[in-house]
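Asker: Handing you this structure, nothing more for now.
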Amino acid sequence: MTTTVALFLAHAVALETEAGDRYEELADVMDVHNNQEVAALFRQMAEFSRLHAGQVRERAAEFGPLPRLKSWEYRWNTPEPPEAGDFLGTHYLMTPFHALQFALANERRGWEFYNNSAKESSDPEVRRLGAEFAGEEAEHVETLERWIERTPRPDGDWAEDPDPAQVVD
């Protein structure tokens with residue numbers, strides 16, 4: 001029988017794993033468009049997500065095997081896992097400032113997921129773990145806010161491509 005804690009931890013692992021995968025995909029897209037600085041930043045974010053997923057897996061080991069959920073069995077308040085972000089929030093000419101804002105929005109949604117789990121669960125262990133994970137996400141939010149403060153703002157014309165693609169379908 002699957003426990004509430006195991007379900008929560010399965011969601012936490014999926015949240016962090018999907019975030020890492022999405023950041024890696026975005027890094028690959030930025031590489032294709034020769035946006036190396038943002039690609040490197042997304043790869044760094046992917047690594048942070050993978051580290052956090054590993055920490056969650058280690059914590060989950062004490063609760064036995066986690067349930068293997070189908071995509072439609074996850075209970076997110078967002079279409080995808082909260083930290084995965086939406087490709088619509090990206091642009092191939094985005095700057096590190098934009099990439100950090102994208103990551104900040106993802107971390108805030110992750111904090112919200114864990115914080116809501118801590119507040120709304122009837123299981124004391126889920127409340128404890130949710131609060132702990134929300135605290136970690138709050139630290140990530142603070143770190144990204146500090147990075148953004150030190151990151152140059154893009155010019156108003158940052159999205160103008162001097163050599164746009166000439167593709168005809």
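Chains: A, B, ... in order of the structure tokens. Residues: from 1 per chain. Ligands: from 1, in order shown.
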Mind checking DSSP for segment 41-91 of chain A and telling me the helix (DSSP H, G or I) residues as a ChimeraX atom specification?
Answerer: /A:41-63,71-73,87-89
Asker: Can I get the selected residues back with N, CA and C atoms, as a PDB file, in the first residue's frame?
Answerer:
ATOM      1  N   LEU A  41      24.611  28.556 -18.108  1.00  0.00           N
ATOM      2  CA  LEU A  41      23.794  28.837 -16.937  1.00  0.00           C
ATOM      3  C   LEU A  41      22.700  27.771 -16.777  1.00  0.00           C
ATOM      4  N   PHE A  42      22.045  27.391 -17.883  1.00  0.00           N
ATOM      5  CA  PHE A  42      21.026  26.349 -17.803  1.00  0.00           C
ATOM      6  C   PHE A  42      21.636  24.999 -17.404  1.00  0.00           C
ATOM      7  N   ARG A  43      22.847  24.710 -17.862  1.00  0.00           N
ATOM      8  CA  ARG A  43      23.487  23.452 -17.450  1.00  0.00           C
ATOM      9  C   ARG A  43      23.784  23.471 -15.949  1.00  0.00           C
ATOM     10  N   GLN A  44      24.162  24.622 -15.437  1.00  0.00           N
ATOM     11  CA  GLN A  44      24.405  24.750 -14.002  1.00  0.00           C
ATOM     12  C   GLN A  44      23.097  24.533 -13.231  1.00  0.00           C
ATOM     13  N   MET A  45      21.999  25.101 -13.723  1.00  0.00           N
ATOM     14  CA  MET A  45      20.708  24.907 -13.072  1.00  0.00           C
ATOM     15  C   MET A  45      20.288  23.430 -13.137  1.00  0.00           C
ATOM     16  N   ALA A  46      20.590  22.766 -14.270  1.00  0.00           N
ATOM     17  CA  ALA A  46      20.277  21.340 -14.404  1.00  0.00           C
ATOM     18  C   ALA A  46      21.035  20.545 -13.343  1.00  0.00           C
ATOM     19  N   GLU A  47      22.283  20.886 -13.140  1.00  0.00           N
ATOM     20  CA  GLU A  47      23.091  20.178 -12.144  1.00  0.00           C
ATOM     21  C   GLU A  47      22.535  20.408 -10.736  1.00  0.00           C
ATOM     22  N   PHE A  48      22.133  21.626 -10.424  1.00  0.00           N
ATOM     23  CA  PHE A  48      21.540  21.900  -9.113  1.00  0.00           C
ATOM     24  C   PHE A  48      20.283  21.052  -8.908  1.00  0.00           C
ATOM     25  N   SER A  49      19.451  20.961  -9.951  1.00  0.00           N
ATOM     26  CA  SER A  49      18.215  20.172  -9.850  1.00  0.00           C
ATOM     27  C   SER A  49      18.533  18.696  -9.651  1.00  0.00           C
ATOM     28  N   ARG A  50      19.534  18.201 -10.362  1.00  0.00           N
ATOM     29  CA  ARG A  50      19.915  16.794 -10.208  1.00  0.00           C
ATOM     30  C   ARG A  50      20.433  16.502  -8.799  1.00  0.00           C
ATOM     31  N   LEU A  51      21.223  17.439  -8.280  1.00  0.00           N
ATOM     32  CA  LEU A  51      21.725  17.271  -6.907  1.00  0.00           C
ATOM     33  C   LEU A  51      20.564  17.219  -5.919  1.00  0.00           C
ATOM     34  N   HIS A  52      19.609  18.118  -6.097  1.00  0.00           N
ATOM     35  CA  HIS A  52      18.466  18.149  -5.191  1.00  0.00           C
ATOM     36  C   HIS A  52      17.635  16.874  -5.335  1.00  0.00           C
ATOM     37  N   ALA A  53      17.447  16.393  -6.569  1.00  0.00           N
ATOM     38  CA  ALA A  53      16.718  15.135  -6.786  1.00  0.00           C
ATOM     39  C   ALA A  53      17.427  13.984  -6.074  1.00  0.00           C
ATOM     40  N   GLY A  54      18.752  13.959  -6.147  1.00  0.00           N
ATOM     41  CA  GLY A  54      19.518  12.922  -5.463  1.00  0.00           C
ATOM     42  C   GLY A  54      19.331  12.976  -3.958  1.00  0.00           C
ATOM     43  N   GLN A  55      19.302  14.180  -3.411  1.00  0.00           N
ATOM     44  CA  GLN A  55      19.086  14.336  -1.972  1.00  0.00           C
ATOM     45  C   GLN A  55      17.699  13.837  -1.572  1.00  0.00           C
ATOM     46  N   VAL A  56      16.703  14.134  -2.415  1.00  0.00           N
ATOM     47  CA  VAL A  56      15.343  13.668  -2.128  1.00  0.00           C
ATOM     48  C   VAL A  56      15.302  12.142  -2.191  1.00  0.00           C
ATOM     49  N   ARG A  57      15.955  11.561  -3.187  1.00  0.00           N
ATOM     50  CA  ARG A  57      15.981  10.090  -3.304  1.00  0.00           C
ATOM     51  C   ARG A  57      16.619   9.453  -2.063  1.00  0.00           C
ATOM     52  N   GLU A  58      17.705  10.067  -1.587  1.00  0.00           N
ATOM     53  CA  GLU A  58      18.361   9.544  -0.382  1.00  0.00           C
ATOM     54  C   GLU A  58      17.416   9.574   0.811  1.00  0.00           C
ATOM     55  N   ARG A  59      16.704  10.684   0.954  1.00  0.00           N
ATOM     56  CA  ARG A  59      15.742  10.810   2.057  1.00  0.00           C
ATOM     57  C   ARG A  59      14.620   9.805   1.907  1.00  0.00           C
ATOM     58  N   ALA A  60      14.205   9.547   0.660  1.00  0.00           N
ATOM     59  CA  ALA A  60      13.085   8.647   0.391  1.00  0.00           C
ATOM     60  C   ALA A  60      13.432   7.200   0.688  1.00  0.00           C
ATOM     61  N   ALA A  61      14.709   6.852   0.678  1.00  0.00           N
ATOM     62  CA  ALA A  61      15.124   5.456   0.876  1.00  0.00           C
ATOM     63  C   ALA A  61      14.592   4.876   2.177  1.00  0.00           C
ATOM     64  N   GLU A  62      14.477   5.688   3.191  1.00  0.00           N
ATOM     65  CA  GLU A  62      14.001   5.186   4.484  1.00  0.00           C
ATOM     66  C   GLU A  62      12.511   4.836   4.472  1.00  0.00           C
ATOM     67  N   PHE A  63      11.797   5.284   3.442  1.00  0.00           N
ATOM     68  CA  PHE A  63      10.360   5.021   3.361  1.00  0.00           C
ATOM     69  C   PHE A  63      10.031   3.879   2.408  1.00  0.00           C
ATOM     70  N   SER A  71       2.077   9.776 -15.786  1.00  0.00           N
ATOM     71  CA  SER A  71       2.087  11.241 -15.890  1.00  0.00           C
ATOM     72  C   SER A  71       0.772  11.863 -15.416  1.00  0.00           C
ATOM     73  N   TRP A  72      -0.341  11.210 -15.669  1.00  0.00           N
ATOM     74  CA  TRP A  72      -1.635  11.774 -15.299  1.00  0.00           C
ATOM     75  C   TRP A  72      -1.972  11.558 -13.818  1.00  0.00           C
ATOM     76  N   GLU A  73      -1.154  10.794 -13.113  1.00  0.00           N
ATOM     77  CA  GLU A  73      -1.414  10.545 -11.700  1.00  0.00           C
ATOM     78  C   GLU A  73      -0.777  11.592 -10.783  1.00  0.00           C
ATOM     79  N   PHE A  87       8.481  26.361 -21.943  1.00  0.00           N
ATOM     80  CA  PHE A  87       9.316  26.833 -23.045  1.00  0.00           C
ATOM     81  C   PHE A  87       8.857  28.194 -23.552  1.00  0.00           C
ATOM     82  N   LEU A  88       7.577  28.535 -23.371  1.00  0.00           N
ATOM     83  CA  LEU A  88       7.084  29.835 -23.822  1.00  0.00           C
ATOM     84  C   LEU A  88       7.776  30.980 -23.094  1.00  0.00           C
ATOM     85  N   GLY A  89       8.373  30.700 -21.956  1.00  0.00           N
ATOM     86  CA  GLY A  89       9.095  31.716 -21.198  1.00  0.00           C
ATOM     87  C   GLY A  89      10.538  31.868 -21.634  1.00  0.00           C
TER      88      GLY A  89
END
Asker: Using only C-alpha atoms, can you tell me which of A:Ala165, A:Ala14, A:Leu9, A:Met94 comes closest to Met30 of chain A?
Answerer: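 Between A:Ala165, A:Ala14, A:Leu9, A:Met94, the residue approaching Met30 of chain A most closely is A:Met94.
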Asker: Hey, can you check how far atom CA of Gly85 of chain A sits from atom CA of Gly110 of chain A?
Answerer: 10.2 Å
Asker: Within 12 Å of Gln36 of chain A, counting only C-alpha atoms, which residues show up once you throw out same-chain ones fewer than 3 positions away? Write them as a ChimeraX atom specification, please.
Answerer: /A:26-33,39-43,92-96
Asker: Given the selection you just returned, output its residues as a file containing C-alpha atoms, formatted as a short mmCIF file (atom, residue, chain, number, x, y, z; two decimals), in the first residue's frame.
Answerer:
data_model
loop_
_atom_site.label_atom_id
_atom_site.label_comp_id
_atom_site.auth_asym_id
_atom_site.auth_seq_id
_atom_site.Cartn_x
_atom_site.Cartn_y
_atom_site.Cartn_z
CA LEU A 26 17.08 24.47 -22.76
CA ALA A 27 20.87 24.36 -22.59
CA ASP A 28 20.90 22.24 -25.76
CA VAL A 29 18.61 24.74 -27.51
CA MET A 30 20.87 27.61 -26.49
CA ASP A 31 23.90 25.68 -27.77
CA VAL A 32 22.21 25.25 -31.16
CA HIS A 33 21.67 29.02 -31.30
CA ALA A 39 23.55 27.43 -22.19
CA ALA A 40 26.17 27.25 -19.43
CA LEU A 41 23.79 28.84 -16.94
CA PHE A 42 21.03 26.35 -17.80
CA ARG A 43 23.49 23.45 -17.45
CA TYR A 92 16.89 31.84 -28.26
CA LEU A 93 18.45 35.30 -27.76
CA MET A 94 17.61 35.48 -24.06
CA THR A 95 20.33 36.83 -21.79
CA PRO A 96 21.60 35.50 -18.46
#
Asker: Which neighbours of segment 147-155 of chain A fall inside 10 Å, counting only C-alpha atoms, when residues of the same chain fewer than 5 positions from it are skipped, and could you give them as a list in words?
Answerer: Met94, Thr95, Pro96, Phe97, His98, Ala99, Leu100, Gln101, Leu104, Val141 and Glu142 of chain A
Asker: Keeping only N, CA and C atoms, write those residues as a PDB file, in the first residue's frame.
Answerer:
ATOM      1  N   MET A  94      17.729  35.042 -25.447  1.00  0.00           N
ATOM      2  CA  MET A  94      17.614  35.483 -24.055  1.00  0.00           C
ATOM      3  C   MET A  94      19.008  35.669 -23.451  1.00  0.00           C
ATOM      4  N   THR A  95      19.066  36.518 -22.467  1.00  0.00           N
ATOM      5  CA  THR A  95      20.325  36.832 -21.794  1.00  0.00           C
ATOM      6  C   THR A  95      20.381  36.091 -20.457  1.00  0.00           C
ATOM      7  N   PRO A  96      21.542  36.102 -19.797  1.00  0.00           N
ATOM      8  CA  PRO A  96      21.597  35.502 -18.463  1.00  0.00           C
ATOM      9  C   PRO A  96      20.554  36.093 -17.513  1.00  0.00           C
ATOM     10  N   PHE A  97      20.275  37.385 -17.647  1.00  0.00           N
ATOM     11  CA  PHE A  97      19.237  38.009 -16.816  1.00  0.00           C
ATOM     12  C   PHE A  97      17.903  37.297 -17.011  1.00  0.00           C
ATOM     13  N   HIS A  98      17.519  37.043 -18.260  1.00  0.00           N
ATOM     14  CA  HIS A  98      16.263  36.349 -18.549  1.00  0.00           C
ATOM     15  C   HIS A  98      16.295  34.918 -18.022  1.00  0.00           C
ATOM     16  N   ALA A  99      17.407  34.237 -18.224  1.00  0.00           N
ATOM     17  CA  ALA A  99      17.523  32.846 -17.775  1.00  0.00           C
ATOM     18  C   ALA A  99      17.374  32.760 -16.256  1.00  0.00           C
ATOM     19  N   LEU A 100      17.963  33.714 -15.546  1.00  0.00           N
ATOM     20  CA  LEU A 100      17.846  33.717 -14.086  1.00  0.00           C
ATOM     21  C   LEU A 100      16.410  34.023 -13.654  1.00  0.00           C
ATOM     22  N   GLN A 101      15.734  34.910 -14.363  1.00  0.00           N
ATOM     23  CA  GLN A 101      14.330  35.177 -14.051  1.00  0.00           C
ATOM     24  C   GLN A 101      13.473  33.930 -14.290  1.00  0.00           C
ATOM     25  N   LEU A 104      14.154  31.638 -11.449  1.00  0.00           N
ATOM     26  CA  LEU A 104      13.538  32.160 -10.229  1.00  0.00           C
ATOM     27  C   LEU A 104      12.045  31.823 -10.187  1.00  0.00           C
ATOM     28  N   VAL A 141      15.556  30.421  -3.949  1.00  0.00           N
ATOM     29  CA  VAL A 141      14.949  31.680  -4.394  1.00  0.00           C
ATOM     30  C   VAL A 141      15.845  32.853  -3.992  1.00  0.00           C
ATOM     31  N   GLU A 142      16.293  32.864  -2.758  1.00  0.00           N
ATOM     32  CA  GLU A 142      17.152  33.955  -2.276  1.00  0.00           C
ATOM     33  C   GLU A 142      18.459  34.012  -3.062  1.00  0.00           C
TER      34      GLU A 142
END
Asker: One number please: atom CA of Thr4 of chain A to atom CA of Val126 of chain A, in Å, one decimal.
Answerer: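 Distance reported for this atom pair: 7.2 Å.
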